[in-house]
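J.: Contents of my_file05.cif (mmCIF, C-alpha atoms and all ligand atoms) are below:
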data_work
loop_
_atom_site.label_atom_id
_atom_site.label_comp_id
_atom_site.auth_asym_id
_atom_site.auth_seq_id
_atom_site.Cartn_x
_atom_site.Cartn_y
_atom_site.Cartn_z
CA MET J 246 -38.50 215.86 30.46
CA ASN J 247 -40.82 215.39 27.50
CA ASN J 248 -38.18 214.64 25.01
CA PHE J 249 -39.10 211.05 24.27
CA LEU J 250 -41.28 209.25 21.77
CA LEU J 251 -44.58 207.79 22.94
CA SER J 252 -46.13 204.95 20.93
CA VAL J 253 -49.76 204.08 21.45
CA ILE J 254 -50.89 200.75 20.01
CA VAL J 255 -54.59 200.19 19.44
CA PRO J 256 -55.69 196.70 18.31
CA VAL J 257 -58.98 196.96 16.45
CA TYR J 258 -61.41 194.38 15.21
CA ASN J 259 -64.73 195.63 13.87
CA GLU J 260 -64.77 198.81 15.92
CA GLU J 261 -66.09 201.25 13.28
CA ASN J 262 -68.11 203.33 15.75
CA ASN J 263 -65.35 203.50 18.36
CA ILE J 264 -62.42 204.82 16.31
CA LYS J 265 -63.49 208.45 16.11
CA PRO J 266 -64.59 208.80 19.78
CA LEU J 267 -61.38 207.09 20.88
CA PHE J 268 -59.24 209.34 18.73
CA ASP J 269 -61.04 212.45 20.04
CA ARG J 270 -60.20 211.46 23.61
CA LEU J 271 -56.72 210.14 22.91
CA PHE J 272 -55.41 212.94 20.72
CA PRO J 273 -55.52 215.80 23.30
CA ILE J 274 -53.46 213.60 25.65
CA VAL J 275 -50.79 212.38 23.26
CA LYS J 276 -50.25 215.65 21.41
CA LYS J 277 -48.39 216.99 24.45
CA TYR J 278 -45.62 214.55 23.62
CA SER J 279 -43.82 213.35 20.50
CA TYR J 280 -46.13 210.51 19.62
CA GLU J 281 -47.25 207.89 17.15
CA ILE J 282 -50.55 206.06 17.28
CA ILE J 283 -50.45 202.64 15.65
CA PHE J 284 -53.80 201.09 14.85
CA VAL J 285 -53.49 197.37 14.21
CA ASP J 286 -56.49 196.16 12.27
CA ASP J 287 -57.06 192.50 13.05
CA GLY J 288 -58.96 191.69 9.85
CA SER J 289 -62.01 193.89 10.39
CA THR J 290 -64.88 193.36 7.99
CA ASP J 291 -66.72 196.63 8.69
CA LYS J 292 -65.71 200.24 8.04
CA THR J 293 -62.97 200.31 10.71
CA VAL J 294 -60.10 200.52 8.22
CA ASN J 295 -61.71 203.32 6.19
CA THR J 296 -62.34 205.34 9.33
CA ILE J 297 -58.70 205.01 10.36
CA LYS J 298 -57.51 205.88 6.86
CA LYS J 299 -59.47 209.13 7.00
CA ILE J 300 -57.65 210.12 10.18
CA SER J 301 -54.23 208.96 9.05
CA GLY J 302 -54.62 210.81 5.73
CA LYS J 303 -54.46 214.07 7.65
CA ASN J 304 -51.79 213.14 10.17
CA SER J 305 -48.77 211.00 9.39
CA GLN J 306 -48.24 210.18 13.05
CA ILE J 307 -51.40 208.09 12.87
CA LYS J 308 -50.32 204.75 11.46
CA LEU J 309 -52.12 201.64 10.36
CA ILE J 310 -51.14 198.03 10.00
CA SER J 311 -53.86 195.88 8.53
CA PHE J 312 -53.97 192.06 8.63
CA TYR J 313 -55.41 189.86 5.89
CA ARG J 314 -57.71 188.17 8.35
CA ASN J 315 -58.46 187.94 12.05
CA PHE J 316 -55.33 186.63 13.79
CA SER J 317 -56.37 187.41 17.41
CA HIS J 318 -56.01 190.27 19.82
CA GLN J 319 -52.66 188.97 21.12
CA MET J 320 -51.19 188.81 17.61
CA ALA J 321 -52.43 192.33 16.89
CA LEU J 322 -50.69 193.58 20.04
CA SER J 323 -47.58 191.67 19.06
CA ALA J 324 -47.54 193.28 15.59
CA GLY J 325 -47.91 196.66 17.29
CA TYR J 326 -44.91 195.98 19.55
CA GLU J 327 -42.83 194.96 16.54
CA ALA J 328 -43.68 198.16 14.69
CA ALA J 329 -43.48 200.63 17.58
CA CYS J 330 -40.46 202.94 17.78
CA GLY J 331 -41.35 204.63 21.08
CA ASP J 332 -39.28 204.94 24.24
CA ALA J 333 -42.53 204.22 26.06
CA VAL J 334 -45.15 202.01 24.43
CA ILE J 335 -48.77 201.93 25.56
CA THR J 336 -51.37 199.40 24.47
CA ILE J 337 -55.01 200.40 24.80
CA ASP J 338 -58.32 198.86 23.71
CA ALA J 339 -60.36 200.64 21.07
CA ASP J 340 -63.71 200.43 22.83
CA LEU J 341 -63.00 203.16 25.41
CA GLN J 342 -63.08 200.68 28.27
CA ASP J 343 -59.57 201.87 29.00
CA PRO J 344 -59.62 205.64 29.69
CA PRO J 345 -56.87 207.49 27.76
CA GLU J 346 -56.90 210.18 30.47
CA ILE J 347 -54.69 208.12 32.79
CA ILE J 348 -51.87 207.97 30.23
CA ASP J 349 -50.24 211.04 31.83
CA LYS J 350 -50.07 209.27 35.18
CA MET J 351 -48.60 206.18 33.52
CA ILE J 352 -45.91 208.27 31.84
CA ASN J 353 -45.15 209.93 35.14
CA LYS J 354 -44.51 206.61 36.86
CA TRP J 355 -42.39 205.45 33.92
CA GLN J 356 -40.27 208.61 34.12
CA ARG J 357 -39.67 207.82 37.76
CA GLY J 358 -38.11 204.51 36.85
CA ALA J 359 -40.81 201.88 36.33
CA LYS J 360 -40.26 199.71 33.27
CA ILE J 361 -43.83 198.41 33.31
CA VAL J 362 -46.82 200.48 34.36
CA TYR J 363 -50.05 198.52 34.52
CA ALA J 364 -53.44 200.15 34.54
CA LYS J 365 -55.26 198.26 37.25
CA ARG J 366 -59.05 198.10 37.41
CA GLN J 367 -60.47 199.31 40.64
CA GLU J 368 -64.02 199.01 39.56
CA ARG J 369 -65.59 197.49 36.49
CA GLN J 370 -68.85 198.65 35.06
CA GLY J 371 -71.09 196.84 32.66
CA GLU J 372 -69.40 193.47 33.11
CA SER J 373 -71.52 190.54 34.10
CA PHE J 374 -71.19 188.98 37.53
CA PHE J 375 -70.22 185.83 35.69
CA LYS J 376 -67.31 187.47 33.84
CA LEU J 377 -65.97 189.04 37.03
CA GLY J 378 -66.28 185.74 38.92
CA THR J 379 -64.62 183.64 36.25
CA ALA J 380 -61.85 186.22 35.78
CA SER J 381 -61.03 186.19 39.48
CA LEU J 382 -61.10 182.38 39.54
CA PHE J 383 -58.78 182.30 36.53
CA TYR J 384 -56.16 184.54 38.17
CA LYS J 385 -56.27 182.45 41.34
CA LEU J 386 -55.80 179.29 39.29
CA ILE J 387 -53.01 180.59 37.06
CA ASN J 388 -51.14 182.03 40.02
CA PHE J 389 -51.45 178.71 41.82
CA LEU J 390 -50.18 176.80 38.79
CA SER J 391 -47.54 179.14 37.44
CA ASP J 392 -44.17 180.11 38.85
CA THR J 393 -44.53 183.60 37.36
CA PRO J 394 -46.80 185.80 39.49
CA ILE J 395 -49.37 187.25 37.09
CA PRO J 396 -51.12 190.38 38.38
CA SER J 397 -54.92 190.21 38.59
CA GLU J 398 -57.36 192.97 37.63
CA VAL J 399 -54.88 193.94 34.94
CA GLY J 400 -55.65 193.61 31.25
CA ASP J 401 -53.65 194.63 28.22
CA PHE J 402 -53.79 198.34 29.05
CA ARG J 403 -50.19 199.02 30.09
CA LEU J 404 -47.10 201.07 29.42
CA LEU J 405 -43.87 199.28 28.60
CA ASP J 406 -40.42 200.76 28.45
CA LYS J 407 -38.58 200.10 25.19
CA THR J 408 -36.30 197.58 26.92
CA VAL J 409 -39.36 195.48 27.77
CA VAL J 410 -40.65 195.82 24.20
CA SER J 411 -37.35 194.68 22.73
CA TYR J 412 -37.32 191.74 25.14
CA LEU J 413 -40.84 190.81 23.93
CA ASN J 414 -39.79 191.18 20.30
CA SER J 415 -36.78 188.95 20.85
CA LEU J 416 -38.89 186.01 22.03
CA LYS J 417 -39.10 183.11 19.62
CA GLU J 418 -42.32 181.66 21.02
CA ARG J 419 -45.84 182.49 19.84
CA PRO J 420 -47.22 185.16 22.14
CA SER J 421 -50.52 183.55 23.11
CA PHE J 422 -50.59 185.21 26.55
CA LEU J 423 -48.72 188.52 26.54
CA ARG J 424 -49.73 189.36 30.12
CA GLY J 425 -47.66 186.44 31.33
CA LEU J 426 -44.72 187.17 29.01
CA VAL J 427 -44.62 190.76 30.24
CA ALA J 428 -44.64 189.67 33.89
CA TRP J 429 -42.13 186.85 33.46
CA PRO J 430 -38.77 188.72 33.63
CA GLY J 431 -39.71 190.70 36.76
CA PHE J 432 -38.97 194.23 35.51
CA PRO J 433 -39.66 197.09 37.98
CA THR J 434 -43.42 197.48 37.98
CA GLU J 435 -45.88 200.20 38.99
CA TYR J 436 -49.67 200.50 38.93
CA VAL J 437 -52.10 203.24 38.02
CA TYR J 438 -55.70 202.67 39.14
CA PHE J 439 -58.80 203.31 37.09
CA LYS J 440 -62.47 202.60 36.80
CA ARG J 441 -63.25 200.41 33.81
CA ASP J 442 -66.25 201.70 31.91
CA LYS J 443 -68.73 199.94 29.71
CA ARG J 444 -67.89 199.37 26.09
CA PHE J 445 -68.66 202.53 24.10
CA SER J 446 -70.20 200.80 21.10
CA GLY J 447 -70.56 197.22 19.87
CA GLU J 448 -70.21 193.94 21.71
CA THR J 449 -67.28 192.20 23.33
CA HIS J 450 -65.37 189.81 21.07
CA TYR J 451 -64.62 187.59 24.02
CA GLY J 452 -67.56 185.26 24.56
CA PHE J 453 -67.47 182.41 27.04
CA PHE J 454 -65.58 179.88 24.92
CA LYS J 455 -63.05 182.42 23.66
CA MET J 456 -62.37 183.46 27.26
CA LEU J 457 -62.03 179.82 28.29
CA ASN J 458 -59.61 179.09 25.45
CA PHE J 459 -57.61 182.20 26.25
CA ALA J 460 -57.44 181.15 29.90
CA LEU J 461 -56.30 177.63 28.97
CA ASP J 462 -53.68 179.04 26.59
CA GLY J 463 -52.41 181.23 29.40
CA ILE J 464 -52.15 178.33 31.81
CA MET J 465 -50.47 176.03 29.28
CA SER J 466 -47.90 178.70 28.35
CA PHE J 467 -46.93 179.42 31.92
CA SER J 468 -47.06 176.15 33.71
CA THR J 469 -46.32 172.49 33.26
CA LYS J 470 -47.94 171.74 36.59
CA PRO J 471 -51.07 170.27 34.92
CA LEU J 472 -48.80 167.43 33.72
CA ARG J 473 -47.63 166.87 37.26
CA LEU J 474 -51.23 166.98 38.49
CA ALA J 475 -52.14 164.35 35.90
CA THR J 476 -49.45 162.10 37.36
CA TYR J 477 -50.85 162.66 40.86
CA PHE J 478 -54.39 161.87 39.71
CA GLY J 479 -53.18 158.66 38.11
CA PHE J 480 -51.34 157.72 41.28
CA MET J 481 -54.37 158.50 43.43
CA SER J 482 -56.81 156.47 41.37
CA ALA J 483 -54.39 153.54 41.15
CA SER J 484 -54.00 153.64 44.96
CA LEU J 485 -57.77 153.71 45.40
CA GLY J 486 -58.10 150.75 43.05
CA PHE J 487 -55.40 148.87 44.96
CA LEU J 488 -57.12 149.53 48.31
CA GLY J 489 -60.36 148.26 46.78
CA ILE J 490 -58.68 145.00 45.75
CA VAL J 491 -57.09 144.48 49.19
CA TYR J 492 -60.47 145.13 50.82
CA GLU J 493 -62.25 142.59 48.63
CA VAL J 494 -59.58 139.93 49.14
CA ILE J 495 -59.63 140.34 52.94
CA LYS J 496 -63.43 140.23 52.92
CA LYS J 497 -63.33 137.01 50.90
CA ILE J 498 -60.93 135.43 53.40
CA LEU J 499 -62.82 136.51 56.52
CA TYR J 500 -66.32 136.01 55.14
CA PRO J 501 -65.95 133.38 52.40
CA GLU J 502 -69.72 133.16 51.98
CA SER J 503 -69.96 136.84 50.92
CA PHE J 504 -69.78 137.53 47.22
CA VAL J 505 -68.99 140.65 45.25
CA THR J 506 -72.20 142.43 44.37
CA GLY J 507 -73.30 145.36 42.39
CA TRP J 508 -72.49 146.30 38.85
CA ILE J 509 -73.02 149.96 39.85
CA GLY J 510 -69.76 149.98 41.79
CA LEU J 511 -68.05 148.51 38.74
CA PHE J 512 -69.66 151.04 36.46
CA ILE J 513 -68.56 153.94 38.66
CA ALA J 514 -65.03 152.62 38.80
CA VAL J 515 -64.89 152.32 35.00
CA LEU J 516 -66.20 155.86 34.60
CA PHE J 517 -63.74 157.15 37.18
CA ILE J 518 -60.70 155.51 35.64
CA GLY J 519 -61.90 156.31 32.11
CA GLY J 520 -62.42 159.95 33.06
CA ILE J 521 -59.00 160.28 34.60
CA GLN J 522 -57.38 158.64 31.59
CA LEU J 523 -59.15 160.90 29.12
CA MET J 524 -58.31 163.97 31.15
CA THR J 525 -54.67 162.98 31.36
CA ILE J 526 -54.45 162.29 27.65
CA GLY J 527 -56.15 165.64 27.05
CA ILE J 528 -53.60 167.46 29.17
CA ILE J 529 -50.68 165.79 27.42
CA GLY J 530 -52.42 166.49 24.09
CA GLU J 531 -52.61 170.19 24.88
CA TYR J 532 -48.87 170.39 25.35
CA VAL J 533 -48.17 168.25 22.29
CA GLY J 534 -50.42 170.59 20.29
CA LYS J 535 -48.47 173.55 21.57
CA ILE J 536 -45.16 171.96 20.60
CA TYR J 537 -46.61 171.14 17.14
CA LYS J 538 -47.67 174.75 16.61
CA GLU J 539 -44.29 176.02 17.70
CA ILE J 540 -42.33 173.76 15.35
CA GLN J 541 -44.59 174.57 12.42
CA ASN J 542 -43.32 178.08 12.99
CA ARG J 543 -45.88 179.72 10.75
CA PRO J 544 -45.95 183.52 10.64
CA LYS J 545 -47.84 185.01 13.58
CA TYR J 546 -49.82 187.25 11.27
CA LEU J 547 -49.80 188.45 7.64
CA ILE J 548 -49.86 192.14 6.85
CA LYS J 549 -52.05 193.27 3.95
CA GLU J 550 -51.41 196.98 4.15
CA ARG J 551 -49.32 199.56 5.98
CA ILE J 552 -50.05 203.26 6.14
CA ASN J 553 -47.55 205.88 7.35
CA ILE J 554 -45.29 203.09 8.55
N1 LIG J 601 -59.64 192.68 19.31
C1 LIG J 601 -58.77 192.30 18.30
N2 LIG J 601 -58.89 191.04 17.75
C2 LIG J 601 -59.84 190.15 18.18
C3 LIG J 601 -60.69 190.54 19.24
C4 LIG J 601 -60.56 191.80 19.79
O1 LIG J 601 -57.90 193.08 17.89
O2 LIG J 601 -59.90 189.04 17.65
C5 LIG J 601 -59.50 194.03 19.90
C6 LIG J 601 -60.81 194.81 20.04
O3 LIG J 601 -61.08 195.56 18.88
C7 LIG J 601 -60.55 195.68 21.24
C8 LIG J 601 -59.63 194.83 22.09
O4 LIG J 601 -59.05 193.86 21.22
O5 LIG J 601 -59.87 196.87 20.89
C9 LIG J 601 -60.36 194.15 23.25
O6 LIG J 601 -61.44 193.39 22.77
P1 LIG J 601 -62.85 193.34 23.51
O7 LIG J 601 -63.25 194.73 23.93
O8 LIG J 601 -63.81 192.63 22.62
O9 LIG J 601 -62.54 192.46 24.78
P2 LIG J 601 -63.02 192.68 26.30
O10 LIG J 601 -62.73 194.11 26.64
O11 LIG J 601 -64.48 192.38 26.32
O12 LIG J 601 -62.21 191.70 27.08
MG MG J 602 -63.48 195.71 25.66
#
The structure in this file should be written as structure tokens.
T.:
Amino acid sequence: MNNFLLSVIVPVYNEENNIKPLFDRLFPIVKKYSYEIIFVDDGSTDKTVNTIKKISGKNSQIKLISFYRNFSHQMALSAGYEAACGDAVITIDADLQDPPEIIDKMINKWQRGAKIVYAKRQERQGESFFKLGTASLFYKLINFLSDTPIPSEVGDFRLLDKTVVSYLNSLKERPSFLRGLVAWPGFPTEYVYFKRDKRFSGETHYGFFKMLNFALDGIMSFSTKPLRLATYFGFMSASLGFLGIVYEVIKKILYPESFVTGWIGLFIAVLFIGGIQLMTIGIIGEYVGKIYKEIQNRPKYLIKERINI
């Protein structure tokens, strides 16, 4: 039953005080299996890399890939998937917000046939009301816009079968929103529930604007409906404008002595049309930008150093 290889991928960015506590909790779980732990250092500038090197010096199953600079969490995960050899591949955050103790349950569900096992948050501690609210709004929005159902309350803590990993590795596009890419093919999916703790040490790397950009990236990669919405907005405002003209003309005929008053109405109309135009150009621009990035086809990340791998 346990004759398979388990890969655990840990993306790390300035997590010097979390590596050792994470390893101490992760190791007793994974050592029951054949395992490899792949730390992907996303250009840390603190002692993260040294701490990992100390651990991997003693154990060749602890591996390290280190980037030249910060390429983003999604790219770090992607590098991990490309390097992992496991039959089952788990991605887990370094800050102990994802409890390693539920890995056994995830493996159990995988052995019973699931190709994807998500760890789903039942409760979240130490997250602001604002983060929870915006996250829930985001999942409602993306599921409304996208044709791929994307599970909510699910982060990047998941187990993937090697078939899913090789599907991910075969994709030509830049993986800006792995959660969507994982959900897209509709592989058999299972859930394991957990309580998400506070960060063990340090601060989140996802401030408001980074979250917003991540959310927009997710929406743009999984839906072209914003373009359609832009068309509808244009149509709506043009219809409103047309009704306004008809109204004024009829008024002029019926009450010739009345005259058009009020520059405020004019001002509002200009703002309204201007706003819609800018928004529409912005939406188109987002997609053009995405196409531009794809055709530039630059490497997703650059590896400075590999250890045990
Ligand atoms: N991370 C990364 N690159 C980044 C930002 C974050 O590899 O540019 C890693 C980070 O070290 C952690 C995981 O991604 O292991 C999740 O990040 P964080 O805890 O800051 O996000 P949150 O849990 O607040 O969403
Ligand atoms: Mg975290």
J.: Skipping near chain neighbours, those fewer than 5 positions away, what residues fall within 10 Å of Leu474 in chain J using all atoms listed in the file, listed as an MDAnalysis selection string?
T.: chainID J and resid 390 469 479:480 525 528
J.: One number please: CA of Met465 in chain J to CA of Met524 in chain J, in Å, one decimal.
T.: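 Going from CA of Met465 in chain J over to CA of Met524 in chain J covers 14.5 Å.
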J.: Record the distance separating CA of Gly530 in chain J and CA of Ile518 in chain J, expressed in Å with one decimal.
T.: 18.0 Å
J.: Which residues of range 344-384 of chain J have any atom within 12 Å of an atom in range 308-332 of chain J when counting all atoms listed in the file, and what is the closest pair of atoms for each, with the distance in Å to one decimal? Order the rows by chain and rising number and write it as a Markdown table.
T.:
| residue | atom | partner | partner_atom | distance |
| --- | --- | --- | --- | --- |
| J:Ile352 | CA | J:Asp332 | CA | 10.6 |
| J:Trp355 | CA | J:Asp332 | CA | 10.2 |
| J:Gln356 | CA | J:Asp332 | CA | 10.6 |
| J:Lys360 | CA | J:Asp332 | CA | 10.5 |
J.: Of the residues J:Ala339, J:Val257, J:Leu461, J:Leu250, which is the one nearest to Tyr278 in chain J, using all atoms listed in the file?
T.: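 Checking each candidate against Tyr278 in chain J, we get J:Leu250 as the closest.
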J.: Residues within 9 Å of ligand LIG 601 (chain J) (all atoms listed in the file), as a VMD selection string?
T.: chain J and resid 255 to 260 263 285 to 289 315 to 322 337 to 343 372 400 to 401 443 to 444 447 to 452 456
J.: Residues at most 8 Å from range 430-442 of chain J, counting only C-alpha atoms, excluding those fewer than 5 positions away in the same chain, as a PyMOL selection string?
T.: chain J and resi 341-344+347+350-351+354+358-371+409
